[in-house]
$ cat work.pdb   # PDB, C-alpha atoms and all ligand atoms
MODEL        1
ATOM      1  CA  MET A   1       9.796   9.679 -13.691
ATOM      2  CA  THR A   2       8.551   6.217 -12.845
ATOM      3  CA  PRO A   3       4.926   5.535 -13.780
ATOM      4  CA  ILE A   4       3.046   4.124 -10.780
ATOM      5  CA  ALA A   5      -0.556   3.130 -10.075
ATOM      6  CA  ILE A   6      -2.149   3.424  -6.637
ATOM      7  CA  LEU A   7      -4.841   0.941  -5.553
ATOM      8  CA  LEU A   8      -7.162   1.633  -2.610
ATOM      9  CA  SER A   9     -10.427   0.461  -1.073
ATOM     10  CA  GLY A  10     -11.176   3.143   1.522
ATOM     11  CA  ARG A  11     -10.437   6.654   2.708
ATOM     12  CA  GLY A  12      -7.284   7.133   0.676
ATOM     13  CA  THR A  13      -5.258   9.114   3.215
ATOM     14  CA  ASN A  14      -2.089   7.232   2.265
ATOM     15  CA  MET A  15      -2.805   7.898  -1.408
ATOM     16  CA  VAL A  16      -3.165  11.628  -0.606
ATOM     17  CA  ALA A  17       0.127  11.682   1.320
ATOM     18  CA  LEU A  18       1.909   9.991  -1.595
ATOM     19  CA  ALA A  19       0.211  12.164  -4.229
ATOM     20  CA  ASP A  20       1.272  15.314  -2.357
ATOM     21  CA  ARG A  21       4.910  14.198  -2.345
ATOM     22  CA  VAL A  22       4.741  13.252  -6.028
ATOM     23  CA  ALA A  23       3.147  16.632  -6.866
ATOM     24  CA  SER A  24       5.876  18.500  -4.951
ATOM     25  CA  GLY A  25       8.557  16.654  -6.941
ATOM     26  CA  ASP A  26       9.940  14.954  -3.822
ATOM     27  CA  ILE A  27       9.084  11.508  -5.194
ATOM     28  CA  ASP A  28      10.145  11.086  -8.801
ATOM     29  CA  ALA A  29       7.017   9.318 -10.043
ATOM     30  CA  ASP A  30       4.043   9.881 -12.267
ATOM     31  CA  ILE A  31       0.699   8.593 -10.948
ATOM     32  CA  ALA A  32      -0.838   7.012 -14.058
ATOM     33  CA  PHE A  33      -4.106   6.238 -12.269
ATOM     34  CA  VAL A  34      -5.737   5.545  -8.919
ATOM     35  CA  ALA A  35      -7.919   2.420  -8.940
ATOM     36  CA  SER A  36     -10.384   0.951  -6.473
ATOM     37  CA  ASP A  37     -12.436  -2.198  -6.149
ATOM     38  CA  ARG A  38     -15.151  -0.091  -4.477
ATOM     39  CA  ALA A  39     -17.164   2.586  -6.263
ATOM     40  CA  ASP A  40     -17.970   4.204  -2.890
ATOM     41  CA  ALA A  41     -14.341   4.488  -1.719
ATOM     42  CA  PRO A  42     -13.850   8.084  -0.498
ATOM     43  CA  GLY A  43     -10.279   7.811  -1.779
ATOM     44  CA  LEU A  44     -11.565   7.901  -5.371
ATOM     45  CA  ASP A  45     -13.148  11.326  -4.781
ATOM     46  CA  ARG A  46      -9.973  12.542  -3.113
ATOM     47  CA  ALA A  47      -7.974  11.404  -6.171
ATOM     48  CA  LYS A  48     -10.415  13.148  -8.549
ATOM     49  CA  GLU A  49     -10.122  16.371  -6.510
ATOM     50  CA  ARG A  50      -6.387  16.215  -7.172
ATOM     51  CA  GLY A  51      -6.957  15.819 -10.902
ATOM     52  CA  LEU A  52      -5.794  12.204 -10.919
ATOM     53  CA  ARG A  53      -7.306   9.657 -13.272
ATOM     54  CA  THR A  54      -9.555   7.240 -11.356
ATOM     55  CA  VAL A  55     -10.593   3.740 -12.362
ATOM     56  CA  LEU A  56     -13.143   1.330 -10.908
ATOM     57  CA  LEU A  57     -11.923  -2.269 -11.015
ATOM     58  CA  PRO A  58     -14.806  -4.559 -12.080
ATOM     59  CA  TYR A  59     -14.599  -7.096  -9.217
ATOM     60  CA  GLY A  60     -18.408  -6.985  -8.879
ATOM     61  CA  GLU A  61     -19.264  -7.754 -12.508
ATOM     62  CA  ARG A  62     -16.304  -9.870 -13.622
ATOM     63  CA  GLY A  63     -14.969 -11.443 -10.430
ATOM     64  CA  LYS A  64     -11.322 -11.550  -9.357
ATOM     65  CA  GLU A  65      -9.974 -13.033 -12.597
ATOM     66  CA  GLY A  66     -11.810 -10.527 -14.781
ATOM     67  CA  ALA A  67     -10.869  -7.582 -12.570
ATOM     68  CA  GLU A  68      -7.205  -8.589 -12.554
ATOM     69  CA  ALA A  69      -7.250  -9.041 -16.367
ATOM     70  CA  PHE A  70      -8.719  -5.527 -16.629
ATOM     71  CA  LEU A  71      -6.016  -4.163 -14.312
ATOM     72  CA  THR A  72      -3.248  -5.987 -16.190
ATOM     73  CA  ARG A  73      -4.383  -4.403 -19.460
ATOM     74  CA  LEU A  74      -4.445  -0.959 -17.864
ATOM     75  CA  VAL A  75      -1.010  -1.420 -16.307
ATOM     76  CA  GLU A  76       0.429  -2.510 -19.662
ATOM     77  CA  ASP A  77      -1.285   0.259 -21.640
ATOM     78  CA  GLU A  78      -0.013   2.909 -19.230
ATOM     79  CA  GLY A  79       3.470   1.394 -18.876
ATOM     80  CA  VAL A  80       3.063   1.257 -15.091
ATOM     81  CA  ASP A  81       6.258   0.103 -13.395
ATOM     82  CA  TRP A  82       5.204  -0.161  -9.723
ATOM     83  CA  ILE A  83       1.769  -0.853  -8.259
ATOM     84  CA  VAL A  84       1.342   0.802  -4.868
ATOM     85  CA  LEU A  85      -1.321  -0.659  -2.576
ATOM     86  CA  ALA A  86      -2.655   1.972  -0.175
ATOM     87  CA  GLY A  87      -5.405   0.317   1.820
ATOM     88  CA  PHE A  88      -6.388  -2.048  -1.024
ATOM     89  CA  MET A  89      -8.244  -4.790   0.815
ATOM     90  CA  ARG A  90      -8.179  -7.566  -1.836
ATOM     91  CA  LEU A  91      -5.669 -10.353  -2.180
ATOM     92  CA  LEU A  92      -4.000 -10.302  -5.616
ATOM     93  CA  SER A  93      -3.559 -13.715  -7.257
ATOM     94  CA  SER A  94      -0.119 -15.279  -7.589
ATOM     95  CA  SER A  95      -0.391 -15.097 -11.392
ATOM     96  CA  PHE A  96      -1.050 -11.350 -11.212
ATOM     97  CA  VAL A  97       1.857 -10.838  -8.804
ATOM     98  CA  SER A  98       4.278 -12.814 -10.981
ATOM     99  CA  ARG A  99       3.102 -11.071 -14.178
ATOM    100  CA  GLN A 100       3.980  -7.791 -12.446
ATOM    101  CA  CYS A 101       7.437  -9.301 -11.644
ATOM    102  CA  GLY A 102       6.781  -8.696  -7.953
ATOM    103  CA  LYS A 103       6.818  -4.908  -8.472
ATOM    104  CA  ILE A 104       3.963  -4.337  -6.043
ATOM    105  CA  VAL A 105       4.349  -2.673  -2.661
ATOM    106  CA  ASN A 106       1.968  -2.530   0.313
ATOM    107  CA  ILE A 107       1.635  -0.750   3.652
ATOM    108  CA  HIS A 108       0.188  -2.443   6.711
ATOM    109  CA  PRO A 109      -0.562  -0.881  10.120
ATOM    110  CA  SER A 110       1.219  -3.408  12.345
ATOM    111  CA  LEU A 111       4.671  -4.874  12.823
ATOM    112  CA  LEU A 112       4.314  -7.884  10.526
ATOM    113  CA  PRO A 113       4.194 -10.824  10.886
ATOM    114  CA  SER A 114       1.985  -9.824  13.835
ATOM    115  CA  PHE A 115      -1.629  -8.963  13.078
ATOM    116  CA  PRO A 116      -2.045  -9.375   9.304
ATOM    117  CA  GLY A 117      -5.463  -8.870   7.694
ATOM    118  CA  VAL A 118      -8.208  -6.389   8.461
ATOM    119  CA  ASP A 119      -8.299  -4.034  11.449
ATOM    120  CA  ALA A 120      -4.678  -4.643  12.399
ATOM    121  CA  ILE A 121      -4.610  -1.675  14.769
ATOM    122  CA  GLY A 122      -7.694  -2.956  16.614
ATOM    123  CA  GLN A 123      -6.271  -6.498  16.679
ATOM    124  CA  ALA A 124      -3.049  -5.249  18.300
ATOM    125  CA  TRP A 125      -4.974  -3.031  20.725
ATOM    126  CA  ASN A 126      -7.283  -5.874  21.801
ATOM    127  CA  TYR A 127      -4.291  -8.180  22.246
ATOM    128  CA  GLY A 128      -2.844  -5.656  24.679
ATOM    129  CA  VAL A 129       0.519  -5.149  22.970
ATOM    130  CA  ALA A 130       2.990  -2.649  24.419
ATOM    131  CA  VAL A 131       4.603  -2.029  21.029
ATOM    132  CA  THR A 132       3.086  -1.974  17.542
ATOM    133  CA  GLY A 133       3.912  -0.110  14.336
ATOM    134  CA  VAL A 134       3.875   0.074  10.570
ATOM    135  CA  THR A 135       5.325  -2.188   7.869
ATOM    136  CA  VAL A 136       6.012  -1.469   4.199
ATOM    137  CA  HIS A 137       6.626  -4.642   2.226
ATOM    138  CA  LEU A 138       6.752  -6.189  -1.212
ATOM    139  CA  VAL A 139       3.624  -8.114  -2.153
ATOM    140  CA  ASP A 140       3.523 -11.833  -2.746
ATOM    141  CA  GLU A 141       0.557 -14.174  -3.137
ATOM    142  CA  LYS A 142      -0.125 -14.325   0.615
ATOM    143  CA  MET A 143      -1.922 -11.687   2.698
ATOM    144  CA  ASP A 144       0.406  -9.032   4.206
ATOM    145  CA  HIS A 145       3.346 -11.384   3.796
ATOM    146  CA  GLY A 146       6.058 -10.405   1.280
ATOM    147  CA  PRO A 147       9.638  -9.294   2.052
ATOM    148  CA  ILE A 148       9.865  -6.301   4.394
ATOM    149  CA  LEU A 149      11.221  -3.000   3.062
ATOM    150  CA  ALA A 150      10.712  -0.824   6.152
ATOM    151  CA  GLN A 151       9.239  -1.007   9.638
ATOM    152  CA  GLU A 152       8.741   1.568  12.348
ATOM    153  CA  ALA A 153       7.710   0.739  15.908
ATOM    154  CA  LEU A 154       5.519   2.748  18.267
ATOM    155  CA  SER A 155       5.219   2.181  22.008
ATOM    156  CA  LEU A 156       1.729   2.500  23.412
ATOM    157  CA  LYS A 157       1.267   5.355  25.859
ATOM    158  CA  GLY A 158      -0.383   4.716  29.205
ATOM    159  CA  GLY A 159      -4.104   5.469  28.998
ATOM    160  CA  GLU A 160      -3.947   5.989  25.228
ATOM    161  CA  SER A 161      -7.279   5.371  23.458
ATOM    162  CA  LEU A 162      -7.607   3.181  20.366
ATOM    163  CA  HIS A 163      -8.546   6.314  18.435
ATOM    164  CA  ASP A 164      -5.356   8.102  19.515
ATOM    165  CA  LEU A 165      -3.246   5.069  18.607
ATOM    166  CA  GLU A 166      -4.887   4.928  15.158
ATOM    167  CA  GLU A 167      -4.061   8.601  14.627
ATOM    168  CA  ARG A 168      -0.412   8.063  15.585
ATOM    169  CA  ILE A 169      -0.104   5.005  13.339
ATOM    170  CA  HIS A 170      -1.620   6.798  10.352
ATOM    171  CA  HIS A 171       0.747   9.705  10.946
ATOM    172  CA  VAL A 172       3.719   7.309  10.768
ATOM    173  CA  GLU A 173       2.245   5.584   7.700
ATOM    174  CA  HIS A 174       1.938   8.838   5.790
ATOM    175  CA  ARG A 175       5.634   9.587   6.272
ATOM    176  CA  LEU A 176       7.095   6.070   6.073
ATOM    177  CA  TYR A 177       5.291   5.067   2.864
ATOM    178  CA  GLY A 178       6.568   8.113   0.964
ATOM    179  CA  ASP A 179      10.102   7.717   2.318
ATOM    180  CA  THR A 180      10.181   4.029   1.365
ATOM    181  CA  LEU A 181       8.670   4.542  -2.084
ATOM    182  CA  LYS A 182      11.188   7.290  -2.798
ATOM    183  CA  ARG A 183      14.026   4.933  -1.901
ATOM    184  CA  LEU A 184      12.484   2.055  -3.821
ATOM    185  CA  LEU A 185      12.196   4.066  -7.038
ATOM    186  CA  SER A 186      15.778   5.263  -6.893
ATOM    187  CA  SER A 187      17.564   2.079  -5.747
ATOM    188  CA  ARG A 188      18.273  -1.474  -6.743
ATOM    189  CA  LEU A 189      16.987  -4.109  -4.367
ATOM    190  CA  ILE A 190      19.313  -6.839  -3.120
ATOM    191  CA  PHE A 191      17.644 -10.039  -1.894
ATOM    192  CA  GLU A 192      19.021 -12.582   0.549
ATOM    193  CA  GLY A 193      16.077 -14.871   1.083
ATOM    194  CA  ARG A 194      13.376 -12.704   2.598
ATOM    195  CA  ARG A 195      15.908 -10.055   3.619
ATOM    196  CA  VAL A 196      15.932  -7.014   1.331
ATOM    197  CA  THR A 197      18.441  -4.177   1.280
ATOM    198  CA  PHE A 198      18.582  -1.076  -0.885
ATOM    199  CA  ASP A 199      21.723  -0.633  -2.996
TER     200      ASP A 199
HETATM  201  C1  LIG A 201      -4.059   1.945   6.227
HETATM  202  O1  LIG A 201      -3.934   1.964   7.627
HETATM  203  C2  LIG A 201      -3.300   0.786   5.639
HETATM  204  O2  LIG A 201      -2.110   0.482   6.315
HETATM  205  C3  LIG A 201      -4.305  -0.333   5.783
HETATM  206  O3  LIG A 201      -5.514   0.252   5.400
HETATM  207  C4  LIG A 201      -5.499   1.627   5.813
HETATM  208  C5  LIG A 201      -5.952   2.462   4.653
HETATM  209  O4  LIG A 201      -6.131   3.800   5.049
HETATM  210  N1  LIG A 201      -3.960  -1.474   4.976
HETATM  211  C6  LIG A 201      -4.117  -2.720   5.370
HETATM  212  O5  LIG A 201      -4.645  -3.031   6.425
HETATM  213  C7  LIG A 201      -3.603  -3.774   4.404
HETATM  214  N2  LIG A 201      -3.730  -5.057   4.942
HETATM  215  P1  LIG A 201      -6.246   4.937   3.960
HETATM  216  O6  LIG A 201      -7.323   4.461   2.953
HETATM  217  O7  LIG A 201      -6.703   6.137   4.721
HETATM  218  O8  LIG A 201      -4.917   5.102   3.300
ENDMDL
END

$ encode --input "work.pdb" --output "C-alpha cells"
Amino acid sequence: MTPIAILLSGRGTNMVALADRVASGDIDADIAFVASDRADAPGLDRAKERGLRTVLLPYGERGKEGAEAFLTRLVEDEGVDWIVLAGFMRLLSSSFVSRQCGKIVNIHPSLLPSFPGVDAIGQAWNYGVAVTGVTVHLVDEKMDHGPILAQEALSLKGGESLHDLEERIHHVEHRLYGDTLKRLLSSRLIFEGRRVTFD
C-alpha cells in the first residue's frame, strides 16, 4: 500500500470519493493524513467522520515557508509517497515540489491549459465554451500547469445552467481522479517532454 496525503481547502468531495475507493480496497493506498490550509474547510470534518487523521497547515501563523516546512516534516515522518491535491487552493513553492521529487498530483475542473486558477467552471461558462472538462496533472511550480496525466471532455447541453454543469463536472472528477490515481500508483511514468504515458 502506498502512503498518500490528501490536501484540500474546501468541501472535500474529491477527497471523499478517493477515500471511499481506498477504503473499499480498489485503490491500493493508505491515507496517512488529510491536511488543509483552512480550519473551516468542510472537507476536514468529512475526513474526521471517516476516521482519517486531519492536520491544519499553519499558513496563518507561519506563512508559506513555515507551513511548507511543517508539511515536509509530516510527509517525511509518515513516509508519504504521493501528495494528492483535492481542491487545495495554494500554490506550492518550487523548492517544496522538487523536495517531493514531483510526486504531487492535482485535479482541475477545466481542460487545461484553458481556464487555470479559481472558479474554472464559471470562467469557462462565462466565456461561452461549447466543450469543457476535467484535467488530472502532475504539479510543478506554476498554477495548474504540470504534465497532464488524464483529461475528459464534456460538451455543454443546450439550456444547461451553470449549476448543472458544475454537477456534471464534479461527477466526472470523482471518477477520473480515482481512476488516474489507481493507475499512477501501479505504473511507471514515461516522460517525453511534457507528454506522460503510463508503462
Ligand atoms: C474541484 O472542482 C477541484 O477540481 C478544484 O476545486 C474543487 C474542489 O472541490 N480545484 C481547483 O480548482 C484547482 N485549481 P472539492 O473540495 O469538493 O473536492

$ residues_near_ligand --input "work.pdb" --ligand "ligand LIG 201 (chain A)" --cutoff "7 Å" --atoms "all atoms listed in the file" --output "list in words"
Leu8, Ser9, Gly10, Arg11, Gly12, Thr13, Asn14, Met15, Gly43, Ala86, Gly87, Phe88, Met89, Ile107, His108, Pro109, Pro116, Gly117, Val118, Asp119, Ala120, Asp144, His170 and Glu173 of chain A

$ closest_residue --input "work.pdb" --among "A:Arg175, A:Val134, A:Asp199, A:Tyr127" --to "Leu162 (chain A)" --atoms "only C-alpha atoms"
A:Tyr127

$ atom_distance --input "work.pdb" --atom1 "CA of Arg38 (chain A)" --atom2 "CA of Leu57 (chain A)"
7.6 Å

$ resolve_selection --input "work.pdb" --expression "the PyMOL selection byres (((chain A and resi 138) around 12) and not hetatm)" --output "short mmCIF file (atom, residue, chain, number, x, y, z; two decimals) with C-alpha atoms, keeping the file's coordinate frame"
data_model
loop_
_atom_site.label_atom_id
_atom_site.label_comp_id
_atom_site.auth_asym_id
_atom_site.auth_seq_id
_atom_site.Cartn_x
_atom_site.Cartn_y
_atom_site.Cartn_z
CA TRP A 82 5.20 -0.16 -9.72
CA ILE A 83 1.77 -0.85 -8.26
CA VAL A 84 1.34 0.80 -4.87
CA LEU A 85 -1.32 -0.66 -2.58
CA VAL A 97 1.86 -10.84 -8.80
CA GLN A 100 3.98 -7.79 -12.45
CA CYS A 101 7.44 -9.30 -11.64
CA GLY A 102 6.78 -8.70 -7.95
CA LYS A 103 6.82 -4.91 -8.47
CA ILE A 104 3.96 -4.34 -6.04
CA VAL A 105 4.35 -2.67 -2.66
CA ASN A 106 1.97 -2.53 0.31
CA ILE A 107 1.64 -0.75 3.65
CA HIS A 108 0.19 -2.44 6.71
CA THR A 135 5.32 -2.19 7.87
CA VAL A 136 6.01 -1.47 4.20
CA HIS A 137 6.63 -4.64 2.23
CA VAL A 139 3.62 -8.11 -2.15
CA ASP A 140 3.52 -11.83 -2.75
CA GLU A 141 0.56 -14.17 -3.14
CA LYS A 142 -0.12 -14.32 0.62
CA MET A 143 -1.92 -11.69 2.70
CA ASP A 144 0.41 -9.03 4.21
CA HIS A 145 3.35 -11.38 3.80
CA GLY A 146 6.06 -10.40 1.28
CA PRO A 147 9.64 -9.29 2.05
CA ILE A 148 9.86 -6.30 4.39
CA LEU A 149 11.22 -3.00 3.06
CA ALA A 150 10.71 -0.82 6.15
CA THR A 180 10.18 4.03 1.36
CA LEU A 181 8.67 4.54 -2.08
CA LEU A 184 12.48 2.06 -3.82
CA LEU A 189 16.99 -4.11 -4.37
CA PHE A 191 17.64 -10.04 -1.89
CA ARG A 194 13.38 -12.70 2.60
CA ARG A 195 15.91 -10.06 3.62
CA VAL A 196 15.93 -7.01 1.33
#

$ resolve_selection --input "work.pdb" --expression "the PyMOL selection byres (((chain A and resi 67-72) around 10) and not hetatm)" --output "PDB file with C-alpha atoms, keeping the file's coordinate frame"
ATOM      1  CA  ALA A  35      -7.919   2.420  -8.940  1.00  0.00           C
ATOM      2  CA  ASP A  37     -12.436  -2.198  -6.149  1.00  0.00           C
ATOM      3  CA  VAL A  55     -10.593   3.740 -12.362  1.00  0.00           C
ATOM      4  CA  LEU A  56     -13.143   1.330 -10.908  1.00  0.00           C
ATOM      5  CA  LEU A  57     -11.923  -2.269 -11.015  1.00  0.00           C
ATOM      6  CA  PRO A  58     -14.806  -4.559 -12.080  1.00  0.00           C
ATOM      7  CA  TYR A  59     -14.599  -7.096  -9.217  1.00  0.00           C
ATOM      8  CA  GLY A  60     -18.408  -6.985  -8.879  1.00  0.00           C
ATOM      9  CA  GLU A  61     -19.264  -7.754 -12.508  1.00  0.00           C
ATOM     10  CA  ARG A  62     -16.304  -9.870 -13.622  1.00  0.00           C
ATOM     11  CA  GLY A  63     -14.969 -11.443 -10.430  1.00  0.00           C
ATOM     12  CA  LYS A  64     -11.322 -11.550  -9.357  1.00  0.00           C
ATOM     13  CA  GLU A  65      -9.974 -13.033 -12.597  1.00  0.00           C
ATOM     14  CA  GLY A  66     -11.810 -10.527 -14.781  1.00  0.00           C
ATOM     15  CA  ARG A  73      -4.383  -4.403 -19.460  1.00  0.00           C
ATOM     16  CA  LEU A  74      -4.445  -0.959 -17.864  1.00  0.00           C
ATOM     17  CA  VAL A  75      -1.010  -1.420 -16.307  1.00  0.00           C
ATOM     18  CA  GLU A  76       0.429  -2.510 -19.662  1.00  0.00           C
ATOM     19  CA  ASP A  77      -1.285   0.259 -21.640  1.00  0.00           C
ATOM     20  CA  GLU A  78      -0.013   2.909 -19.230  1.00  0.00           C
ATOM     21  CA  VAL A  80       3.063   1.257 -15.091  1.00  0.00           C
ATOM     22  CA  LEU A  92      -4.000 -10.302  -5.616  1.00  0.00           C
ATOM     23  CA  SER A  93      -3.559 -13.715  -7.257  1.00  0.00           C
ATOM     24  CA  SER A  95      -0.391 -15.097 -11.392  1.00  0.00           C
ATOM     25  CA  PHE A  96      -1.050 -11.350 -11.212  1.00  0.00           C
ATOM     26  CA  ARG A  99       3.102 -11.071 -14.178  1.00  0.00           C
ATOM     27  CA  GLN A 100       3.980  -7.791 -12.446  1.00  0.00           C
TER      28      GLN A 100
END

$ closest_residue --input "work.pdb" --among "A:Glu192, A:Thr2, A:Leu91, A:Glu152" --to "Leu176 (chain A)" --atoms "only C-alpha atoms"
A:Glu152

$ atom_distance --input "work.pdb" --atom1 "CA of Asp20 (chain A)" --atom2 "CA of Leu112 (chain A)"
26.7 Å

$ atom_distance --input "work.pdb" --atom1 "CA of Gly193 (chain A)" --atom2 "CA of Asp179 (chain A)"
23.4 Å

$ closest_residue --input "work.pdb" --among "A:Val34, A:Ala124, A:Leu165, A:Ile27" --to "Thr54 (chain A)" --atoms "all atoms listed in the file"
A:Val34

$ closest_residue --input "work.pdb" --among "A:Leu7, A:Arg21, A:Leu111, A:Leu44" --to "Tyr177 (chain A)" --atoms "all atoms listed in the file"
A:Arg21

$ resolve_selection --input "work.pdb" --expression "the PyMOL selection byres (((chain A and resi 1) around 12) and not hetatm)" --output "PyMOL selection string"
chain A and resi 2-4+22-23+25-32+79-82+182+185-186

$ axis_aligned_box --input "work.pdb" --around "region 116-122 of chain A" --padding-each-side "4 Å" --output "JSON"
{"center_x": -5.2, "center_y": -5.5, "center_z": 12.2, "size_x": 14.3, "size_y": 15.7, "size_z": 16.9}

$ residues_around --input "work.pdb" --residues "Lys157 (chain A)" --least-positions-apart "6" --cutoff "10 Å" --atoms "all atoms listed in the file" --output "ChimeraX atom specification"
/A:130-131,164-165

$ closest_residue --input "work.pdb" --among "A:Gln151, A:Ser161, A:Ser98, A:Leu18" --to "Asn126 (chain A)" --atoms "all atoms listed in the file"
A:Ser161

$ decode --input "work.pdb" --residues "region 71-79 of chain A" --atoms "all heavy atoms" --output "compact mmCIF listing (two decimals), in the first residue's frame"
# COMPACT_ATOMS: atom_id res chain seq x y z
N LEU A 71 4.70 20.85 6.64
CA LEU A 71 4.17 19.78 5.79
C LEU A 71 5.29 18.80 5.39
O LEU A 71 5.09 17.58 5.39
CB LEU A 71 3.49 20.38 4.55
CG LEU A 71 2.91 19.41 3.53
CD1 LEU A 71 1.87 18.48 4.15
CD2 LEU A 71 2.28 20.19 2.36
N THR A 72 6.45 19.35 5.08
CA THR A 72 7.59 18.50 4.69
C THR A 72 7.93 17.52 5.83
O THR A 72 8.13 16.32 5.61
CB THR A 72 8.84 19.37 4.41
OG1 THR A 72 8.52 20.23 3.34
CG2 THR A 72 10.04 18.53 4.03
N ARG A 73 7.96 18.04 7.04
CA ARG A 73 8.28 17.22 8.21
C ARG A 73 7.26 16.09 8.35
O ARG A 73 7.62 14.93 8.58
CB ARG A 73 8.27 18.17 9.43
CG ARG A 73 8.52 17.56 10.75
CD ARG A 73 10.03 17.47 11.01
NE ARG A 73 10.26 16.63 12.17
CZ ARG A 73 10.34 17.11 13.40
NH1 ARG A 73 10.27 18.40 13.62
NH2 ARG A 73 10.55 16.29 14.42
N LEU A 74 5.99 16.46 8.20
CA LEU A 74 4.90 15.49 8.33
C LEU A 74 5.01 14.40 7.25
O LEU A 74 4.86 13.21 7.53
CB LEU A 74 3.59 16.27 8.16
CG LEU A 74 2.33 15.78 8.82
CD1 LEU A 74 2.53 15.58 10.31
CD2 LEU A 74 1.23 16.82 8.58
N VAL A 75 5.28 14.84 6.04
CA VAL A 75 5.39 13.92 4.91
C VAL A 75 6.55 12.95 5.15
O VAL A 75 6.43 11.73 4.93
CB VAL A 75 5.58 14.74 3.60
CG1 VAL A 75 6.15 13.89 2.48
CG2 VAL A 75 4.25 15.37 3.17
N GLU A 76 7.66 13.48 5.66
CA GLU A 76 8.82 12.61 5.92
C GLU A 76 8.54 11.66 7.09
O GLU A 76 8.83 10.47 7.00
CB GLU A 76 10.05 13.48 6.21
CG GLU A 76 10.56 14.11 4.91
CD GLU A 76 11.68 15.13 5.14
OE1 GLU A 76 12.11 15.33 6.31
OE2 GLU A 76 12.10 15.74 4.15
N ASP A 77 7.96 12.20 8.16
CA ASP A 77 7.66 11.35 9.33
C ASP A 77 6.73 10.21 8.98
O ASP A 77 6.87 9.10 9.49
CB ASP A 77 7.01 12.18 10.44
CG ASP A 77 8.01 13.11 11.13
OD1 ASP A 77 9.21 12.99 10.85
OD2 ASP A 77 7.56 13.96 11.92
N GLU A 78 5.76 10.49 8.11
CA GLU A 78 4.75 9.48 7.76
C GLU A 78 5.16 8.64 6.56
O GLU A 78 4.42 7.75 6.16
CB GLU A 78 3.40 10.16 7.46
CG GLU A 78 2.80 10.90 8.64
CD GLU A 78 2.46 9.97 9.80
OE1 GLU A 78 2.02 8.84 9.56
OE2 GLU A 78 2.66 10.39 10.95
N GLY A 79 6.30 8.95 5.95
CA GLY A 79 6.75 8.20 4.78
C GLY A 79 5.81 8.35 3.59
O GLY A 79 5.65 7.42 2.79
